[in-house]
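Next up, my_file_6.pdb (PDB, C-alpha atoms and all ligand atoms):
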MODEL        1
ATOM      1  CA  MET A   1       0.000   0.000   0.000
ATOM      2  CA  ASN A   2       1.546   3.258  -1.151
ATOM      3  CA  LEU A   3       0.075   6.455   0.184
ATOM      4  CA  LEU A   4       0.445  10.178  -0.155
ATOM      5  CA  LEU A   5      -0.456  12.266   2.874
ATOM      6  CA  PHE A   6      -1.578  15.605   1.537
ATOM      7  CA  GLY A   7      -2.508  18.883   3.199
ATOM      8  CA  ALA A   8      -1.337  22.365   4.136
ATOM      9  CA  PRO A   9       1.537  22.860   6.575
ATOM     10  CA  GLY A  10       0.140  22.294  10.064
ATOM     11  CA  THR A  11      -2.539  19.775   9.137
ATOM     12  CA  GLY A  12      -0.754  17.066  11.126
ATOM     13  CA  LYS A  13       0.869  15.123   8.279
ATOM     14  CA  GLY A  14       3.978  14.420  10.344
ATOM     15  CA  THR A  15       1.988  13.154  13.336
ATOM     16  CA  GLN A  16      -0.303  10.990  11.203
ATOM     17  CA  SER A  17       2.706   9.639   9.302
ATOM     18  CA  SER A  18       4.186   8.363  12.544
ATOM     19  CA  TYR A  19       0.954   6.465  13.316
ATOM     20  CA  LEU A  20       0.706   5.143   9.771
ATOM     21  CA  ILE A  21       4.262   3.880   9.514
ATOM     22  CA  SER A  22       4.064   1.797  12.648
ATOM     23  CA  TYR A  23       0.486   0.560  12.166
ATOM     24  CA  TYR A  24       0.822  -0.378   8.492
ATOM     25  CA  LYS A  25       4.605  -0.959   8.335
ATOM     26  CA  LEU A  26       5.232   1.722   5.765
ATOM     27  CA  ILE A  27       8.423   3.527   4.883
ATOM     28  CA  HIS A  28       8.153   7.241   5.595
ATOM     29  CA  ILE A  29       9.461   9.616   2.932
ATOM     30  CA  SER A  30       9.284  13.255   4.008
ATOM     31  CA  THR A  31      11.065  15.731   1.756
ATOM     32  CA  GLY A  32      10.918  18.360   4.533
ATOM     33  CA  ASP A  33      12.719  15.965   6.932
ATOM     34  CA  LEU A  34      15.271  15.094   4.250
ATOM     35  CA  PHE A  35      15.998  18.768   3.633
ATOM     36  CA  ARG A  36      16.287  19.499   7.368
ATOM     37  CA  LYS A  37      18.722  16.590   7.781
ATOM     38  CA  ALA A  38      20.765  17.896   4.850
ATOM     39  CA  LEU A  39      20.812  21.357   6.472
ATOM     40  CA  ARG A  40      22.028  19.953   9.802
ATOM     41  CA  GLU A  41      24.731  17.965   8.029
ATOM     42  CA  ASN A  42      25.735  20.887   5.820
ATOM     43  CA  THR A  43      25.573  18.834   2.655
ATOM     44  CA  GLU A  44      25.369  20.216  -0.873
ATOM     45  CA  LEU A  45      21.620  19.522  -0.861
ATOM     46  CA  GLY A  46      21.244  21.475   2.382
ATOM     47  CA  LEU A  47      23.128  24.426   0.910
ATOM     48  CA  GLN A  48      20.904  24.388  -2.168
ATOM     49  CA  ALA A  49      17.701  24.281  -0.122
ATOM     50  CA  ARG A  50      18.549  26.634   2.743
ATOM     51  CA  SER A  51      17.613  30.029   1.297
ATOM     52  CA  TYR A  52      14.239  28.775   0.003
ATOM     53  CA  MET A  53      13.368  27.123   3.296
ATOM     54  CA  ASP A  54      14.429  30.171   5.302
ATOM     55  CA  ARG A  55      12.007  32.304   3.294
ATOM     56  CA  GLY A  56       9.184  29.758   3.440
ATOM     57  CA  ASP A  57       9.337  29.200  -0.322
ATOM     58  CA  LEU A  58       9.315  25.895  -2.127
ATOM     59  CA  VAL A  59      12.667  24.427  -3.109
ATOM     60  CA  PRO A  60      12.912  24.319  -6.953
ATOM     61  CA  ASP A  61      11.319  21.284  -8.587
ATOM     62  CA  SER A  62      14.548  20.062 -10.210
ATOM     63  CA  ILE A  63      16.214  19.683  -6.772
ATOM     64  CA  VAL A  64      13.212  17.993  -5.136
ATOM     65  CA  ILE A  65      12.603  15.610  -8.029
ATOM     66  CA  ALA A  66      16.258  14.508  -8.103
ATOM     67  CA  LEU A  67      16.075  13.919  -4.350
ATOM     68  CA  ILE A  68      12.912  11.822  -4.497
ATOM     69  CA  GLU A  69      14.309   9.733  -7.332
ATOM     70  CA  GLU A  70      17.398   9.039  -5.274
ATOM     71  CA  VAL A  71      15.316   8.006  -2.262
ATOM     72  CA  LEU A  72      12.520   6.073  -3.926
ATOM     73  CA  SER A  73      14.606   3.996  -6.341
ATOM     74  CA  PRO A  74      16.466   1.897  -3.731
ATOM     75  CA  ILE A  75      13.329   1.632  -1.603
ATOM     76  CA  SER A  76      11.405   0.191  -4.517
ATOM     77  CA  GLY A  77      13.645  -2.890  -4.343
ATOM     78  CA  ARG A  78      12.586  -3.490  -0.741
ATOM     79  CA  ILE A  79       8.892  -3.350  -1.506
ATOM     80  CA  LYS A  80       9.000  -4.757  -5.000
ATOM     81  CA  SER A  81       7.881  -8.210  -3.911
ATOM     82  CA  PHE A  82       4.609  -6.412  -3.354
ATOM     83  CA  GLY A  83       4.573  -5.689  -7.090
ATOM     84  CA  ASP A  84       1.369  -4.110  -8.189
ATOM     85  CA  SER A  85       0.026  -3.076  -4.813
ATOM     86  CA  ARG A  86      -3.527  -3.594  -6.050
ATOM     87  CA  SER A  87      -2.688  -7.242  -6.639
ATOM     88  CA  THR A  88      -4.733  -9.871  -4.826
ATOM     89  CA  ASP A  89      -1.565 -11.784  -3.951
ATOM     90  CA  LYS A  90      -1.196 -11.346  -0.188
ATOM     91  CA  SER A  91       1.962 -13.473   0.141
ATOM     92  CA  VAL A  92       4.062 -10.639   1.439
ATOM     93  CA  ASP A  93       6.903 -11.122   3.870
ATOM     94  CA  ILE A  94       5.437  -9.520   6.993
ATOM     95  CA  LYS A  95       8.886  -8.434   8.103
ATOM     96  CA  SER A  96       9.357  -6.325   5.015
ATOM     97  CA  HIS A  97       7.852  -2.933   4.517
ATOM     98  CA  LYS A  98       4.443  -2.981   2.976
ATOM     99  CA  GLY A  99       4.785   0.196   1.007
ATOM    100  CA  PHE A 100       5.613   3.820   1.520
ATOM    101  CA  ILE A 101       4.030   7.014   2.614
ATOM    102  CA  LEU A 102       4.932  10.273   0.934
ATOM    103  CA  ASP A 103       4.702  13.286   3.218
ATOM    104  CA  GLY A 104       5.223  16.777   1.794
ATOM    105  CA  PHE A 105       5.866  15.543  -1.751
ATOM    106  CA  PRO A 106       4.639  16.291  -4.397
ATOM    107  CA  ARG A 107       3.863  19.964  -3.882
ATOM    108  CA  THR A 108       3.617  21.187  -7.477
ATOM    109  CA  LEU A 109       2.076  19.815 -10.652
ATOM    110  CA  ALA A 110       5.544  19.298 -12.147
ATOM    111  CA  GLN A 111       6.499  17.211  -9.102
ATOM    112  CA  ALA A 112       3.286  15.175  -9.352
ATOM    113  CA  GLU A 113       3.916  14.431 -13.032
ATOM    114  CA  SER A 114       7.529  13.449 -12.335
ATOM    115  CA  LEU A 115       6.325  11.195  -9.534
ATOM    116  CA  ASP A 116       3.941   9.457 -11.943
ATOM    117  CA  SER A 117       6.780   8.791 -14.401
ATOM    118  CA  LEU A 118       9.071   7.569 -11.644
ATOM    119  CA  LEU A 119       6.431   5.214 -10.229
ATOM    120  CA  ASP A 120       5.789   3.862 -13.737
ATOM    121  CA  LYS A 121       9.497   3.249 -14.173
ATOM    122  CA  LEU A 122       9.719   1.477 -10.800
ATOM    123  CA  LYS A 123       6.469  -0.447 -11.451
ATOM    124  CA  LEU A 124       4.822   0.971  -8.355
ATOM    125  CA  ILE A 125       1.360   2.390  -7.861
ATOM    126  CA  LEU A 126       0.128   5.197  -5.674
ATOM    127  CA  ASP A 127      -2.969   3.713  -4.050
ATOM    128  CA  ALA A 128      -4.432   6.732  -2.326
ATOM    129  CA  VAL A 129      -3.987  10.385  -1.552
ATOM    130  CA  LEU A 130      -5.242  11.159   1.952
ATOM    131  CA  TYR A 131      -6.131  14.829   1.982
ATOM    132  CA  LEU A 132      -6.258  16.234   5.519
ATOM    133  CA  LYS A 133      -8.455  19.303   5.727
ATOM    134  CA  VAL A 134      -8.070  21.805   8.544
ATOM    135  CA  LEU A 135      -9.501  25.330   8.791
ATOM    136  CA  LYS A 136      -7.009  27.984   7.707
ATOM    137  CA  SER A 137      -7.425  29.894  10.989
ATOM    138  CA  VAL A 138      -6.316  26.841  12.984
ATOM    139  CA  LEU A 139      -3.195  26.165  10.916
ATOM    140  CA  VAL A 140      -1.102  29.174  11.981
ATOM    141  CA  GLU A 141      -1.710  28.544  15.689
ATOM    142  CA  ARG A 142      -0.818  24.890  15.256
ATOM    143  CA  ILE A 143       2.476  25.576  13.480
ATOM    144  CA  VAL A 144       3.667  28.622  15.412
ATOM    145  CA  GLY A 145       3.268  26.774  18.739
ATOM    146  CA  ARG A 146       5.101  23.687  17.529
ATOM    147  CA  ARG A 147       8.377  22.698  19.234
ATOM    148  CA  VAL A 148      10.504  19.804  18.030
ATOM    149  CA  ALA A 149      13.282  17.568  19.262
ATOM    150  CA  GLU A 150      15.489  17.708  16.196
ATOM    151  CA  LYS A 151      17.346  14.422  16.461
ATOM    152  CA  SER A 152      14.620  12.094  17.689
ATOM    153  CA  GLY A 153      11.844  13.875  15.799
ATOM    154  CA  TYR A 154       9.391  14.090  18.746
ATOM    155  CA  VAL A 155       6.940  16.935  18.313
ATOM    156  CA  TYR A 156       5.255  19.075  21.002
ATOM    157  CA  HIS A 157       3.007  22.110  21.101
ATOM    158  CA  VAL A 158       3.257  24.884  23.673
ATOM    159  CA  LYS A 159      -0.529  24.843  24.177
ATOM    160  CA  PHE A 160      -1.910  21.524  22.934
ATOM    161  CA  LYS A 161       0.921  19.160  23.910
ATOM    162  CA  PRO A 162       3.420  20.813  26.240
ATOM    163  CA  PRO A 163       6.403  18.780  27.477
ATOM    164  CA  ARG A 164       6.541  17.997  31.215
ATOM    165  CA  GLN A 165       9.558  20.299  31.576
ATOM    166  CA  GLU A 166       9.473  23.427  29.459
ATOM    167  CA  GLY A 167      11.854  23.263  26.493
ATOM    168  CA  ILE A 168      12.940  19.631  27.079
ATOM    169  CA  CYS A 169      11.783  16.510  25.246
ATOM    170  CA  ASP A 170      10.052  14.085  27.668
ATOM    171  CA  LYS A 171      11.367  11.067  25.809
ATOM    172  CA  SER A 172      14.882  11.910  24.624
ATOM    173  CA  GLY A 173      15.863  14.708  27.030
ATOM    174  CA  GLU A 174      16.935  16.844  24.044
ATOM    175  CA  PRO A 175      16.306  20.591  24.041
ATOM    176  CA  LEU A 176      13.208  21.490  22.059
ATOM    177  CA  ILE A 177      13.620  23.989  19.266
ATOM    178  CA  HIS A 178      11.287  26.392  17.507
ATOM    179  CA  ARG A 179      12.029  25.760  13.839
ATOM    180  CA  ASN A 180      12.935  28.950  12.006
ATOM    181  CA  ASP A 181      10.308  28.237   9.373
ATOM    182  CA  ASP A 182       7.674  27.714  12.093
ATOM    183  CA  LYS A 183       7.899  31.416  13.028
ATOM    184  CA  GLU A 184       4.822  33.437  12.149
ATOM    185  CA  GLU A 185       6.061  35.490   9.178
ATOM    186  CA  ILE A 186       7.591  32.449   7.495
ATOM    187  CA  VAL A 187       4.514  30.340   8.224
ATOM    188  CA  LYS A 188       2.373  32.868   6.343
ATOM    189  CA  GLN A 189       4.696  32.567   3.344
ATOM    190  CA  ARG A 190       4.585  28.746   3.524
ATOM    191  CA  LEU A 191       0.802  28.833   3.544
ATOM    192  CA  LYS A 192       0.805  31.203   0.549
ATOM    193  CA  ALA A 193       3.069  28.797  -1.344
ATOM    194  CA  TYR A 194       0.681  25.973  -0.458
ATOM    195  CA  TRP A 195      -2.470  27.743  -1.701
ATOM    196  CA  LYS A 196      -0.794  28.896  -4.890
ATOM    197  CA  GLN A 197       1.433  25.990  -5.926
ATOM    198  CA  THR A 198       0.136  22.913  -4.124
ATOM    199  CA  THR A 199      -3.670  23.114  -4.077
ATOM    200  CA  PRO A 200      -3.928  22.428  -7.869
ATOM    201  CA  LEU A 201      -2.884  18.872  -6.969
ATOM    202  CA  ILE A 202      -6.248  18.310  -5.297
ATOM    203  CA  GLU A 203      -7.938  18.377  -8.703
ATOM    204  CA  TYR A 204      -5.071  16.382 -10.250
ATOM    205  CA  TYR A 205      -5.615  13.475  -7.856
ATOM    206  CA  ARG A 206      -9.389  13.840  -7.799
ATOM    207  CA  LYS A 207      -9.390  13.230 -11.550
ATOM    208  CA  LYS A 208      -7.338  10.079 -11.011
ATOM    209  CA  ASP A 209     -10.002   8.984  -8.535
ATOM    210  CA  ILE A 210      -7.553   8.318  -5.706
ATOM    211  CA  LEU A 211      -8.256  11.369  -3.538
ATOM    212  CA  PHE A 212      -9.809  10.783  -0.103
ATOM    213  CA  GLU A 213     -10.817  13.912   1.802
ATOM    214  CA  LEU A 214     -10.627  13.734   5.586
ATOM    215  CA  ASP A 215     -11.456  16.055   8.436
ATOM    216  CA  GLY A 216      -8.072  16.837  10.050
ATOM    217  CA  CYS A 217      -9.583  18.492  13.153
ATOM    218  CA  GLY A 218      -9.737  16.805  16.540
ATOM    219  CA  SER A 219      -7.165  14.806  18.469
ATOM    220  CA  PRO A 220      -4.437  12.928  16.542
ATOM    221  CA  GLU A 221      -6.107   9.653  17.596
ATOM    222  CA  GLU A 222      -9.472  10.780  16.211
ATOM    223  CA  VAL A 223      -7.900  11.763  12.905
ATOM    224  CA  PHE A 224      -6.001   8.474  12.711
ATOM    225  CA  SER A 225      -9.185   6.552  13.335
ATOM    226  CA  ARG A 226     -10.783   8.346  10.348
ATOM    227  CA  ILE A 227      -7.745   7.472   8.248
ATOM    228  CA  LYS A 228      -8.004   3.780   9.193
ATOM    229  CA  THR A 229     -11.666   3.764   8.210
ATOM    230  CA  VAL A 230     -10.811   5.193   4.800
ATOM    231  CA  ILE A 231      -7.935   2.750   4.308
ATOM    232  CA  SER A 232     -10.179  -0.182   5.177
ATOM    233  CA  THR A 233     -12.226   0.631   2.077
ATOM    234  CA  PHE A 234      -9.315   0.031  -0.292
ATOM    235  CA  ASP A 235      -6.633  -1.799   1.771
ATOM    236  CA  CYS A 236      -4.644  -4.088  -0.455
TER     237      CYS A 236
HETATM  238  P1  LIG B 301       7.730  20.618   5.415
HETATM  239  O1  LIG B 301       8.317  20.241   6.718
HETATM  240  O2  LIG B 301       7.249  19.449   4.611
HETATM  241  O3  LIG B 301       6.681  21.697   5.530
HETATM  242  O4  LIG B 301       8.923  21.242   4.522
HETATM  243  C1  LIG B 301       9.715  22.317   4.997
HETATM  244  C2  LIG B 301      10.265  23.102   3.826
HETATM  245  O5  LIG B 301      11.054  22.244   2.979
HETATM  246  C3  LIG B 301       9.217  23.696   2.886
HETATM  247  O6  LIG B 301       8.709  24.933   3.363
HETATM  248  C4  LIG B 301      10.009  23.846   1.599
HETATM  249  O7  LIG B 301      10.878  24.953   1.651
HETATM  250  C5  LIG B 301      10.871  22.575   1.605
HETATM  251  N1  LIG B 301      10.173  21.456   0.931
HETATM  252  C6  LIG B 301       9.791  20.285   1.506
HETATM  253  N2  LIG B 301       9.193  19.487   0.600
HETATM  254  C7  LIG B 301       9.182  20.172  -0.565
HETATM  255  C8  LIG B 301       8.689  19.904  -1.868
HETATM  256  N3  LIG B 301       8.063  18.745  -2.164
HETATM  257  N4  LIG B 301       8.857  20.853  -2.827
HETATM  258  C9  LIG B 301       9.483  22.008  -2.568
HETATM  259  N5  LIG B 301       9.956  22.335  -1.351
HETATM  260  C10 LIG B 301       9.818  21.435  -0.351
ENDMDL
END
Can you turn what I pasted into structure tokens?
Amino acid sequence: MNLLLFGAPGTGKGTQSSYLISYYKLIHISTGDLFRKALRENTELGLQARSYMDRGDLVPDSIVIALIEEVLSPISGRIKSFGDSRSTDKSVDIKSHKGFILDGFPRTLAQAESLDSLLDKLKLILDAVLYLKVLKSVLVERIVGRRVAEKSGYVYHVKFKPPRQEGICDKSGEPLIHRNDDKEEIVKQRLKAYWKQTTPLIEYYRKKDILFELDGCGSPEEVFSRIKTVISTFDC
């Protein structure tokens, strides 16, 4: 089962991805996480992406597409036994991953078209696009209050999910940071980029008949329960 988790920044894609990957044994592919790792490690990719991310703009398509090709190609070998994921053959090694989840990619039509070609080449299918919908007014508050433990990836919120000790991750003991691009001015730019460049994908996937719209409001558990219900209608 190969999924795309779609929605504006702040809709909870990262949180839902963490539920999905452990529940369904999926590989998580987040371009945002890959860029942040590259930034921390000062790699060429990080240098290329930094100025765009700092402004809240999208990284150019050519860079993102090359990155996703590099990541997805070796992964396809690990899930290839699954073949056509719509197949009725359920003889899948339960220890292996049962597919992937794309989080934060694609974000433009050019990226979506490149993804289609890449999946064709790798003989993989995108089974569903789970579109998390959250009111615009809620998004800014959700993102601006977010605090993250960079290394372990645990996520908190100053109001909705505060750590036991302010500024410290309950689980890893790491200091929590306020991501530069989670600051209000940058968040507004990220949301603008989403409305302008990413929302056309809703129609793109609706036409392919693989778009599932979900209410992204409520607790993470409530949202995940809605996701499971949707997946149960097409699980393969
Ligand atoms: P995210 O954590 O997914 O919101 O990504 C953080 C930042 O990384 C975005 O604001 C963009 O600057 C960059 N980024 C992540 N994924 C993409 C993508 N698919 N296309 C262009 N830029 C991206």
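As for CA of Phe6 (chain A) and CA of Asp103 (chain A), they are spaced 6.9 Å apart.
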Q: Please identify all polymer residues within 12 Å of Lys37 (chain A), counting all atoms listed in the file, omitting same-chain residues fewer than 2 positions from it, and present them as a VMD selection string.
A: chain A and resid 30 to 35 39 to 47 49 to 50 150 to 153
Q.
When you look at Phe234 (chain A) with a cut-off of 10 Å (counting all atoms listed in the file), what residues show up, excluding the ones that are within fewer than 5 positions of it in the same chain? I need them as a ChimeraX atom specification.
A. /A:1,86,127-128,229
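With all atoms listed in the file taken into account, the protein and nucleic acid residues at most 12 Å from Lys159 (chain A) (excluding it and anything under 2 positions from it in its own chain) are Glu141, Arg142, Ile143, Val144, Gly145, Arg146, Arg147, Tyr156, His157, Lys161, Pro162, Pro163 and Glu166 of chain A.
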Q | Gln197 (chain A) surroundings by all atoms listed in the file, 7 Å radius, close-in-sequence under 4 positions cut, as a list in words | A | Arg107, Thr108 and Ala193 of chain A
Q: Name the residues that the PyMOL selection byres (((chain A and resi 56) around 10) and not hetatm) picks from the file above, as JSON, numbers by chain, using the file's chain letters and numbers.
A: {"A": [50, 51, 52, 53, 54, 55, 57, 58, 59, 180, 181, 182, 183, 185, 186, 187, 188, 189, 190, 191, 192, 193]}
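Across A:Ala38, A:Pro106, A:Pro200, A:Gly12, the tightest approach to ligand LIG 301 (chain B) is made by A:Pro106 when counting all atoms listed in the file.
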**Q.** Separation of CA of Thr15 (chain A) from CA of Ile177 (chain A), in Å and rounded to one decimal
**A.**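 Distance between the two atoms: 17.0 Å.
Interatomic distance, CA of Leu20 (chain A) against CA of Leu214 (chain A): 14.8 Å.
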Can you turn the PyMOL selection byres (((chain A and resi 5) around 7) and not hetatm) into a concrete residue list for this file, as an mmCIF file with C-alpha atoms, in the frame of the given file?
data_model
loop_
_atom_site.group_PDB
_atom_site.id
_atom_site.type_symbol
_atom_site.label_atom_id
_atom_site.label_comp_id
_atom_site.auth_asym_id
_atom_site.auth_seq_id
_atom_site.Cartn_x
_atom_site.Cartn_y
_atom_site.Cartn_z
ATOM 1 C CA LEU A 3 0.075 6.455 0.184
ATOM 2 C CA LEU A 4 0.445 10.178 -0.155
ATOM 3 C CA PHE A 6 -1.578 15.605 1.537
ATOM 4 C CA GLY A 7 -2.508 18.883 3.199
ATOM 5 C CA LYS A 13 0.869 15.123 8.279
ATOM 6 C CA ILE A 101 4.030 7.014 2.614
ATOM 7 C CA LEU A 102 4.932 10.273 0.934
ATOM 8 C CA ASP A 103 4.702 13.286 3.218
ATOM 9 C CA VAL A 129 -3.987 10.385 -1.552
ATOM 10 C CA LEU A 130 -5.242 11.159 1.952
ATOM 11 C CA TYR A 131 -6.131 14.829 1.982
#
Q: Place a sphere of radius 9 Å on (-9.0, 18.1, 11.7) in the file coordinates and name every protein, DNA or RNA residue with an atom inside or on its surface, counting all atoms listed in the file; give the answer as a ChimeraX atom specification.
A: /A:11-12,132-135,214-220,222-223
Can you write just those residues out, C-alpha atoms, as a PDB file, keeping the file's coordinate frame?
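Just written: result_0.pdb:
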ATOM      1  CA  THR A  11      -2.539  19.775   9.137  1.00  0.00           C
ATOM      2  CA  GLY A  12      -0.754  17.066  11.126  1.00  0.00           C
ATOM      3  CA  LEU A 132      -6.258  16.234   5.519  1.00  0.00           C
ATOM      4  CA  LYS A 133      -8.455  19.303   5.727  1.00  0.00           C
ATOM      5  CA  VAL A 134      -8.070  21.805   8.544  1.00  0.00           C
ATOM      6  CA  LEU A 135      -9.501  25.330   8.791  1.00  0.00           C
ATOM      7  CA  LEU A 214     -10.627  13.734   5.586  1.00  0.00           C
ATOM      8  CA  ASP A 215     -11.456  16.055   8.436  1.00  0.00           C
ATOM      9  CA  GLY A 216      -8.072  16.837  10.050  1.00  0.00           C
ATOM     10  CA  CYS A 217      -9.583  18.492  13.153  1.00  0.00           C
ATOM     11  CA  GLY A 218      -9.737  16.805  16.540  1.00  0.00           C
ATOM     12  CA  SER A 219      -7.165  14.806  18.469  1.00  0.00           C
ATOM     13  CA  PRO A 220      -4.437  12.928  16.542  1.00  0.00           C
ATOM     14  CA  GLU A 222      -9.472  10.780  16.211  1.00  0.00           C
ATOM     15  CA  VAL A 223      -7.900  11.763  12.905  1.00  0.00           C
TER      16      VAL A 223
END
Q. Written as a VMD selection string, what is the full residue list that the PyMOL selection byres (((chain A and resi 114) around 12) and not hetatm) yields on the file shown?
A. chain A and resid 61 to 62 64 to 69 105 to 113 115 to 121
Output C-alpha atoms for every residue in the selection just made, as an mmCIF file, in the coordinates of the input.
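The resulting file, result20.cif, is reproduced below:
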data_model
loop_
_atom_site.group_PDB
_atom_site.id
_atom_site.type_symbol
_atom_site.label_atom_id
_atom_site.label_comp_id
_atom_site.auth_asym_id
_atom_site.auth_seq_id
_atom_site.Cartn_x
_atom_site.Cartn_y
_atom_site.Cartn_z
ATOM 1 C CA ASP A 61 11.319 21.284 -8.587
ATOM 2 C CA SER A 62 14.548 20.062 -10.210
ATOM 3 C CA VAL A 64 13.212 17.993 -5.136
ATOM 4 C CA ILE A 65 12.603 15.610 -8.029
ATOM 5 C CA ALA A 66 16.258 14.508 -8.103
ATOM 6 C CA LEU A 67 16.075 13.919 -4.350
ATOM 7 C CA ILE A 68 12.912 11.822 -4.497
ATOM 8 C CA GLU A 69 14.309 9.733 -7.332
ATOM 9 C CA PHE A 105 5.866 15.543 -1.751
ATOM 10 C CA PRO A 106 4.639 16.291 -4.397
ATOM 11 C CA ARG A 107 3.863 19.964 -3.882
ATOM 12 C CA THR A 108 3.617 21.187 -7.477
ATOM 13 C CA LEU A 109 2.076 19.815 -10.652
ATOM 14 C CA ALA A 110 5.544 19.298 -12.147
ATOM 15 C CA GLN A 111 6.499 17.211 -9.102
ATOM 16 C CA ALA A 112 3.286 15.175 -9.352
ATOM 17 C CA GLU A 113 3.916 14.431 -13.032
ATOM 18 C CA LEU A 115 6.325 11.195 -9.534
ATOM 19 C CA ASP A 116 3.941 9.457 -11.943
ATOM 20 C CA SER A 117 6.780 8.791 -14.401
ATOM 21 C CA LEU A 118 9.071 7.569 -11.644
ATOM 22 C CA LEU A 119 6.431 5.214 -10.229
ATOM 23 C CA ASP A 120 5.789 3.862 -13.737
ATOM 24 C CA LYS A 121 9.497 3.249 -14.173
#
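Shortest separation to ligand LIG 301 (chain B) among A:Ile63, A:Ile227, A:Leu201, A:Leu211 occurs at residue A:Ile63, atoms counted being all atoms listed in the file.
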Q.
Considering all atoms listed in the file, can you say which of A:Pro9, A:Leu124, A:Lys196, A:Val158 comes closest to Leu139 (chain A)?
A.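 Ranking A:Pro9, A:Leu124, A:Lys196, A:Val158 by distance to Leu139 (chain A), first place goes to A:Pro9.
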Using only the atoms of ligand LIG 301 (chain B) listed in the file, plus 3 Å on each side, state the axis-aligned box centre and edge lengths in Å rounded to one decimal, as JSON.
{"center_x": 8.9, "center_y": 21.8, "center_z": 1.9, "size_x": 10.4, "size_y": 12.2, "size_z": 15.5}
Q) From the set A:Lys98, A:Lys208, A:Arg179, A:Lys25, which residue has the shortest atom-to-atom contact distance to ligand LIG 301 (chain B), counting all atoms listed in the file? A)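 Comparing A:Lys98, A:Lys208, A:Arg179, A:Lys25 against ligand LIG 301 (chain B), the winner is A:Arg179.
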Q) Nearest to Ala8 (chain A): which of A:Leu176, A:Val140, A:Ile231, A:Val148 is it, counting all atoms listed in the file? A) A:Val140
